[in-house]
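Containing mmCIF, C-alpha atoms: input38.cif.
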```
data_my_file
#
loop_
_atom_site.label_atom_id
_atom_site.label_comp_id
_atom_site.auth_asym_id
_atom_site.auth_seq_id
_atom_site.Cartn_x
_atom_site.Cartn_y
_atom_site.Cartn_z
CA MET A 607 -18.33 28.36 114.25
CA ALA A 608 -20.76 31.17 113.42
CA SER A 609 -18.43 32.38 110.65
CA VAL A 610 -18.32 28.86 109.21
CA ARG A 611 -22.13 28.68 109.18
CA ARG A 612 -22.30 32.03 107.40
CA ALA A 613 -19.75 30.86 104.86
CA SER A 614 -21.72 27.67 104.28
CA ARG A 615 -24.78 29.74 103.43
CA ASN A 616 -22.66 31.74 100.99
CA LYS A 617 -20.95 28.71 99.49
CA ASN A 618 -22.10 29.52 95.99
CA ASP A 619 -20.70 33.06 96.28
CA ILE A 620 -17.35 31.58 97.28
CA LEU A 621 -17.44 29.24 94.28
CA MET A 622 -18.13 32.16 91.95
CA LYS A 623 -15.12 34.00 93.40
CA ALA A 624 -13.04 30.86 93.15
CA GLY A 625 -13.92 30.73 89.46
CA ASP A 626 -12.31 34.15 89.04
CA VAL A 627 -9.10 32.83 90.57
CA VAL A 628 -9.09 29.69 88.43
CA ALA A 629 -9.53 31.80 85.30
CA ALA A 630 -6.60 33.99 86.30
CA ARG A 631 -4.21 31.39 87.71
CA GLY A 632 -5.24 28.05 86.19
CA PHE A 633 -6.20 24.79 87.91
CA GLU A 634 -2.74 23.84 89.13
CA ASN A 635 -1.81 27.27 90.46
CA THR A 636 -5.03 28.03 92.35
CA ARG A 637 -4.39 27.87 96.09
CA PHE A 638 -6.67 28.10 99.12
CA SER A 639 -4.94 31.33 100.08
CA ASP A 640 -5.67 32.89 96.66
CA VAL A 641 -9.36 32.04 96.87
CA ALA A 642 -9.61 33.08 100.52
CA GLY A 643 -8.13 36.50 99.70
CA HIS A 644 -10.39 37.06 96.70
CA ALA A 645 -13.54 35.78 98.44
CA GLY A 646 -12.93 37.58 101.71
CA THR A 647 -12.93 34.42 103.80
CA SER A 648 -10.38 32.24 105.60
CA VAL A 649 -8.38 29.22 104.52
CA SER A 650 -9.85 27.23 107.42
CA THR A 651 -13.38 27.99 106.19
CA LEU A 652 -12.47 26.77 102.69
CA GLN A 653 -11.00 23.60 104.14
CA TYR A 654 -14.16 23.03 106.16
CA LEU A 655 -16.45 23.57 103.17
CA PHE A 656 -14.45 21.84 100.44
CA GLY A 657 -11.92 19.54 102.09
CA ASN A 658 -9.06 19.97 99.65
CA ARG A 659 -7.91 22.34 96.95
CA GLU A 660 -8.77 20.01 94.05
CA ASP A 661 -12.39 19.61 95.16
CA LEU A 662 -12.73 23.37 95.57
CA VAL A 663 -11.47 24.00 92.03
CA VAL A 664 -13.67 21.30 90.46
CA GLN A 665 -16.75 22.58 92.29
CA ALA A 666 -15.92 26.11 91.18
CA LEU A 667 -15.73 24.99 87.56
CA ARG A 668 -19.07 23.22 87.88
CA ALA A 669 -20.78 26.15 89.58
CA ARG A 670 -19.48 28.78 87.17
CA SER A 671 -20.35 26.77 84.04
CA ALA A 672 -23.87 26.09 85.38
CA TYR A 673 -24.32 29.77 86.21
CA LEU A 674 -23.27 30.90 82.73
CA LEU A 675 -25.72 28.52 81.06
CA GLU A 676 -28.61 29.52 83.32
CA GLU A 677 -27.89 33.20 82.74
CA ALA A 678 -27.87 32.62 78.99
CA ARG A 679 -31.21 30.80 79.17
CA ARG A 680 -32.74 33.55 81.28
CA ARG A 681 -31.55 36.39 79.08
CA SER A 682 -32.51 34.59 75.89
CA ALA A 683 -36.04 33.96 77.20
CA GLU A 684 -36.44 37.69 77.86
CA ILE A 685 -36.01 38.53 74.15
CA ALA A 686 -39.45 38.42 72.51
CA ASP A 687 -38.39 38.97 68.89
CA PRO A 688 -37.27 35.54 67.54
CA LEU A 689 -34.72 36.96 65.10
CA GLU A 690 -33.28 39.26 67.74
CA ARG A 691 -33.06 36.26 70.06
CA LEU A 692 -31.16 34.31 67.40
CA ARG A 693 -28.77 37.22 66.95
CA TRP A 694 -28.23 37.50 70.68
CA VAL A 695 -27.66 33.76 71.14
CA ALA A 696 -25.14 33.65 68.29
CA GLY A 697 -23.20 36.55 69.74
CA HIS A 698 -23.41 35.27 73.29
CA LEU A 699 -21.97 31.88 72.34
CA ALA A 700 -18.75 33.62 71.37
CA ALA A 701 -18.49 36.04 74.27
CA HIS A 702 -20.36 36.12 77.55
CA ASP A 703 -19.58 39.69 78.49
CA GLY A 704 -19.13 42.97 76.68
CA GLU A 705 -15.90 43.88 78.47
CA PRO A 706 -12.84 42.46 76.65
CA GLU A 707 -10.99 41.23 79.75
CA ALA A 708 -14.20 39.82 81.26
CA ALA A 709 -14.89 37.92 78.04
CA ARG A 710 -11.32 36.60 78.03
CA ALA A 711 -11.60 35.54 81.69
CA GLU A 712 -14.72 33.50 80.95
CA TRP A 713 -12.98 31.73 78.08
CA MET A 714 -9.95 31.08 80.26
CA LEU A 715 -12.32 29.42 82.72
CA TRP A 716 -13.86 27.27 79.96
CA VAL A 717 -10.40 26.18 78.84
CA GLU A 718 -9.61 25.11 82.40
CA TYR A 719 -12.96 23.33 82.60
CA TRP A 720 -12.24 21.34 79.45
CA ARG A 721 -8.66 20.58 80.48
CA THR A 722 -9.82 19.29 83.84
CA ALA A 723 -12.64 17.26 82.29
CA LEU A 724 -10.10 15.44 80.10
CA ARG A 725 -8.57 13.98 83.26
CA ASP A 726 -11.74 13.50 85.32
CA GLU A 727 -14.35 11.04 84.02
CA GLU A 728 -17.13 12.39 86.22
CA LEU A 729 -16.50 15.96 85.16
CA ALA A 730 -16.20 14.83 81.53
CA ALA A 731 -19.68 13.30 81.69
CA GLU A 732 -21.03 16.47 83.29
CA SER A 733 -19.36 18.62 80.64
CA ILE A 734 -21.21 16.73 77.90
CA VAL A 735 -24.52 17.47 79.65
CA ALA A 736 -23.51 21.12 80.01
CA TYR A 737 -22.55 21.32 76.35
CA ASP A 738 -25.90 19.82 75.41
CA GLY A 739 -27.47 22.72 77.27
CA TRP A 740 -25.73 25.21 74.98
CA LEU A 741 -26.78 23.22 71.93
CA GLN A 742 -30.37 23.31 73.18
CA LEU A 743 -30.13 27.08 73.61
CA VAL A 744 -29.42 27.36 69.88
CA ARG A 745 -32.08 24.81 68.95
CA ASP A 746 -34.72 26.62 70.99
CA ALA A 747 -33.91 29.96 69.36
CA VAL A 748 -34.02 28.48 65.87
CA GLU A 749 -37.29 26.65 66.54
CA ALA A 750 -38.89 29.84 67.85
CA ALA A 751 -38.01 31.64 64.61
CA VAL A 752 -39.38 28.73 62.60
CA ARG A 753 -42.68 28.78 64.55
CA ALA A 754 -42.96 32.51 63.90
CA GLY A 755 -42.62 31.87 60.16
CA LEU A 756 -39.44 33.96 59.97
CA ILE A 757 -37.13 31.23 58.70
CA ASN A 758 -37.57 27.86 57.03
CA PRO A 759 -36.95 24.75 59.12
CA PRO A 760 -33.31 23.68 58.67
CA ALA A 761 -32.74 20.25 57.15
CA ASP A 762 -30.54 19.30 60.11
CA LEU A 763 -31.12 21.38 63.23
CA ASP A 764 -28.53 19.46 65.24
CA ARG A 765 -25.87 20.23 62.64
CA VAL A 766 -26.73 23.93 62.85
CA ALA A 767 -26.50 23.94 66.64
CA GLN A 768 -23.26 21.95 66.67
CA GLY A 769 -21.74 24.20 64.03
CA ALA A 770 -22.63 27.42 65.83
CA CYS A 771 -21.23 26.17 69.14
CA ALA A 772 -18.08 24.77 67.52
CA ILE A 773 -17.33 28.04 65.74
CA ALA A 774 -17.90 30.00 68.94
CA ASP A 775 -15.62 27.65 70.89
CA GLY A 776 -12.82 28.05 68.37
CA LEU A 777 -13.15 31.81 68.46
CA GLY A 778 -13.27 31.73 72.26
CA ILE A 779 -9.90 30.02 72.40
CA GLN A 780 -8.50 32.77 70.18
CA ILE A 781 -9.98 35.37 72.53
CA ALA A 782 -8.28 33.60 75.44
CA LEU A 783 -4.98 33.68 73.55
CA ARG A 784 -5.46 37.40 72.81
CA ARG A 785 -5.09 36.86 69.09
CA PRO A 786 -4.93 40.28 67.41
CA GLY A 787 -8.12 41.16 65.59
CA VAL A 788 -10.25 38.57 67.40
CA ASP A 789 -12.10 40.27 70.24
CA TRP A 790 -15.56 39.50 71.59
CA GLU A 791 -17.25 41.81 69.06
CA ARG A 792 -15.48 40.23 66.10
CA ALA A 793 -16.22 36.73 67.41
CA GLY A 794 -19.91 37.59 67.69
CA GLU A 795 -19.94 38.96 64.15
CA ILE A 796 -18.38 35.79 62.76
CA THR A 797 -20.76 33.49 64.63
CA ARG A 798 -23.80 35.51 63.55
CA ALA A 799 -22.61 35.51 59.94
CA TRP A 800 -22.20 31.73 59.99
CA LEU A 801 -25.65 31.19 61.50
CA ALA A 802 -27.22 33.60 59.01
CA ALA A 803 -25.71 31.61 56.15
CA ALA A 804 -26.60 28.23 57.65
CA LEU A 805 -30.24 29.28 58.06
CA ASP A 806 -30.40 31.33 54.85
CA CYS A 807 -31.52 34.34 56.86
CA PRO A 808 -29.34 37.44 56.24
CA GLU A 809 -31.30 39.42 58.85
CA ILE A 810 -29.58 37.47 61.63
CA ASN A 811 -26.36 39.18 60.62
CA LEU A 812 -27.76 42.71 60.69
CA THR A 813 -26.73 44.92 63.59
CA ASP A 814 -29.94 46.96 63.37
CA ARG A 815 -33.29 45.60 62.25
#
```

Kindly return the structure encoded in the file as structure tokens.
Amino acid sequence: MASVRRASRNKNDILMKAGDVVAARGFENTRFSDVAGHAGTSVSTLQYLFGNREDLVVQALRARSAYLLEEARRRSAEIADPLERLRWVAGHLAAHDGEPEAARAEWMLWVEYWRTALRDEELAAESIVAYDGWLQLVRDAVEAAVRAGLINPPADLDRVAQGACAIADGLGIQIALRRPGVDWERAGEITRAWLAAALDCPEINLTDR
């Protein structure tokens, strides 16, 4: 029972590890035994905490997506220069990690998240809220640059945010598919170039300011 209590306290850690497994194996092929091995716990503990495999996978998708958004918000807020923040946000939309396989794993997880949401109304509603969080990340960065007098206010800020996220999503799928010539660096370059054009601010696309 003590081990179960410890596991309960570390439930979020288990969900993060479960996310790794889902990214590698997919929703249907993720088993309790896979997660238990990767998380360093037991199948019985997973059954106690999550009940069944489907609930474990769905909770892992929720936890990992929430974590990625919160990390993006935190790291964005740490960048004082508004144009540098815009550059970082544009690049981060397309790839969440500098390591190629880590970036691909995160996009594999997002693909599983979206696939699962298509069949689960509750998760679909949550995914819309999560997506709105990414749109707001772009809006906030653009508005900060506007307040600093570095760019002109866009005629349609929502269109800019939607466009940046949509381009990044499309590139992310190509990263997941390992399309030649589309790695996380290239995806970031393309997203930054689009945002620079949309905001009429070439500096967003510069690697060094």

Using the chain letters and numbers from this file, what does the PyMOL selection byres ((chain A and resi 705-710) around 10) select? Give the answer as a PDB file with C-alpha atoms, in the coordinates of the input.
```pdb
ATOM      1  CA  ASP A 626     -12.310  34.150  89.040  1.00  0.00           C
ATOM      2  CA  ALA A 629      -9.530  31.800  85.300  1.00  0.00           C
ATOM      3  CA  ALA A 630      -6.600  33.990  86.300  1.00  0.00           C
ATOM      4  CA  ALA A 700     -18.750  33.620  71.370  1.00  0.00           C
ATOM      5  CA  ALA A 701     -18.490  36.040  74.270  1.00  0.00           C
ATOM      6  CA  HIS A 702     -20.360  36.120  77.550  1.00  0.00           C
ATOM      7  CA  ASP A 703     -19.580  39.690  78.490  1.00  0.00           C
ATOM      8  CA  GLY A 704     -19.130  42.970  76.680  1.00  0.00           C
ATOM      9  CA  ALA A 711     -11.600  35.540  81.690  1.00  0.00           C
ATOM     10  CA  GLU A 712     -14.720  33.500  80.950  1.00  0.00           C
ATOM     11  CA  TRP A 713     -12.980  31.730  78.080  1.00  0.00           C
ATOM     12  CA  MET A 714      -9.950  31.080  80.260  1.00  0.00           C
ATOM     13  CA  LEU A 715     -12.320  29.420  82.720  1.00  0.00           C
ATOM     14  CA  TRP A 716     -13.860  27.270  79.960  1.00  0.00           C
ATOM     15  CA  GLY A 778     -13.270  31.730  72.260  1.00  0.00           C
ATOM     16  CA  ILE A 779      -9.900  30.020  72.400  1.00  0.00           C
ATOM     17  CA  GLN A 780      -8.500  32.770  70.180  1.00  0.00           C
ATOM     18  CA  ILE A 781      -9.980  35.370  72.530  1.00  0.00           C
ATOM     19  CA  ALA A 782      -8.280  33.600  75.440  1.00  0.00           C
ATOM     20  CA  LEU A 783      -4.980  33.680  73.550  1.00  0.00           C
ATOM     21  CA  ARG A 784      -5.460  37.400  72.810  1.00  0.00           C
ATOM     22  CA  ASP A 789     -12.100  40.270  70.240  1.00  0.00           C
ATOM     23  CA  TRP A 790     -15.560  39.500  71.590  1.00  0.00           C
ATOM     24  CA  GLU A 791     -17.250  41.810  69.060  1.00  0.00           C
TER      25      GLU A 791
END
```

Which residues of region 644-698 of chain A have any atom within 12 Å of an atom in region 718-742 of chain A when counting only C-alpha atoms, and what is the closest pair of atoms for each, with the distance in Å to one decimal? Order the rows by chain and rising number and write it as CSV.
```
residue,atom,partner,partner_atom,distance
A:Glu660,CA,A:Thr722,CA,10.3
A:Asp661,CA,A:Leu729,CA,11.4
A:Val663,CA,A:Tyr719,CA,9.6
A:Val664,CA,A:Thr722,CA,7.9
A:Gln665,CA,A:Leu729,CA,9.7
A:Ala666,CA,A:Tyr719,CA,9.5
A:Leu667,CA,A:Tyr719,CA,5.9
A:Arg668,CA,A:Tyr719,CA,8.1
A:Ala669,CA,A:Tyr719,CA,10.9
A:Arg670,CA,A:Tyr719,CA,9.6
A:Ser671,CA,A:Ala736,CA,7.6
A:Ala672,CA,A:Ala736,CA,7.3
A:Tyr673,CA,A:Ala736,CA,10.7
A:Leu674,CA,A:Trp740,CA,9.9
A:Leu675,CA,A:Trp740,CA,6.9
A:Glu676,CA,A:Gly739,CA,9.2
A:Glu677,CA,A:Trp740,CA,11.3
A:Ala678,CA,A:Trp740,CA,8.7
A:Arg679,CA,A:Trp740,CA,8.9
A:Ser682,CA,A:Trp740,CA,11.6
A:Val695,CA,A:Trp740,CA,9.6
A:Ala696,CA,A:Trp740,CA,10.8
A:His698,CA,A:Trp740,CA,10.5
```

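Those residues that approach Arg798 (chain A) to within 8 Å, counting only C-alpha atoms, are Arg693, Ala696, Gly697, Gly794, Ala802, Ile810 and Asn811 of chain A; same-chain residues fewer than 4 positions away are not listed.
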
Target residues per the PyMOL selection byres ((chain A and resi 773) around 9), formatted as JSON, numbers by chain = {"A": [699, 700, 768, 769, 770, 771, 772, 774, 775, 776, 777, 778, 793, 796, 797, 800]}

message = Can you pull out the residues contacting Pro759 (chain A)? Cut-off 9 Å, using all atoms listed in the file, and skip same-chain residues under 5 positions away; I want them as a PyMOL selection string.
response = chain A and resi 748-749+751-753+805

query = Which residues come within 7 Å of Thr636 (chain A), counting only C-alpha atoms, excluding same-chain residues fewer than 5 positions away, as a PyMOL selection string?
reply = chain A and resi 627-628+631

Selection from above, C-alpha atoms, as a PDB file, in the frame of the given file, can you write it?
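Saved file result34.pdb follows:
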```
ATOM      1  CA  VAL A 627      -9.100  32.830  90.570  1.00  0.00           C
ATOM      2  CA  VAL A 628      -9.090  29.690  88.430  1.00  0.00           C
ATOM      3  CA  ARG A 631      -4.210  31.390  87.710  1.00  0.00           C
TER       4      ARG A 631
END
```

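Atom pair CA of Gly657 (chain A) / CA of Arg637 (chain A) has a distance of 12.7 Å (rounded to one decimal).
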
ask   = For the atom pair CA of Asn616 (chain A) and CA of Phe633 (chain A), what is the interatomic distance in Å to one decimal place?
value = 22.1 Å

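Counting from CA of Ile685 (chain A), the distance to CA of Val744 (chain A) is 13.7 Å.
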
Listed atoms of region 744-763 of chain A boxed along x, y and z, 5 Å each side, centre and edge lengths in Å, one decimal, as lines of an AutoDock Vina configuration file:
```
center_x = -36.2
center_y = 26.6
center_z = 64.0
size_x = 23.5
size_y = 24.7
size_z = 24.0
```

Using only C-alpha atoms, list the residues that have an atom at most 10 Å from (-26.4, 26.5, 58.0), coordinates as in the file, as a compact mmCIF listing (two decimals) with C-alpha atoms, in the frame of the given file.
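Dumped to point.txt:
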```txt
# COMPACT_ATOMS: atom_id res chain seq x y z
CA PRO A 760 -33.31 23.68 58.67
CA ALA A 761 -32.74 20.25 57.15
CA ASP A 762 -30.54 19.30 60.11
CA LEU A 763 -31.12 21.38 63.23
CA ARG A 765 -25.87 20.23 62.64
CA VAL A 766 -26.73 23.93 62.85
CA ALA A 767 -26.50 23.94 66.64
CA GLY A 769 -21.74 24.20 64.03
CA ALA A 770 -22.63 27.42 65.83
CA ALA A 799 -22.61 35.51 59.94
CA TRP A 800 -22.20 31.73 59.99
CA LEU A 801 -25.65 31.19 61.50
CA ALA A 802 -27.22 33.60 59.01
CA ALA A 803 -25.71 31.61 56.15
CA ALA A 804 -26.60 28.23 57.65
CA LEU A 805 -30.24 29.28 58.06
CA ASP A 806 -30.40 31.33 54.85
CA CYS A 807 -31.52 34.34 56.86
```
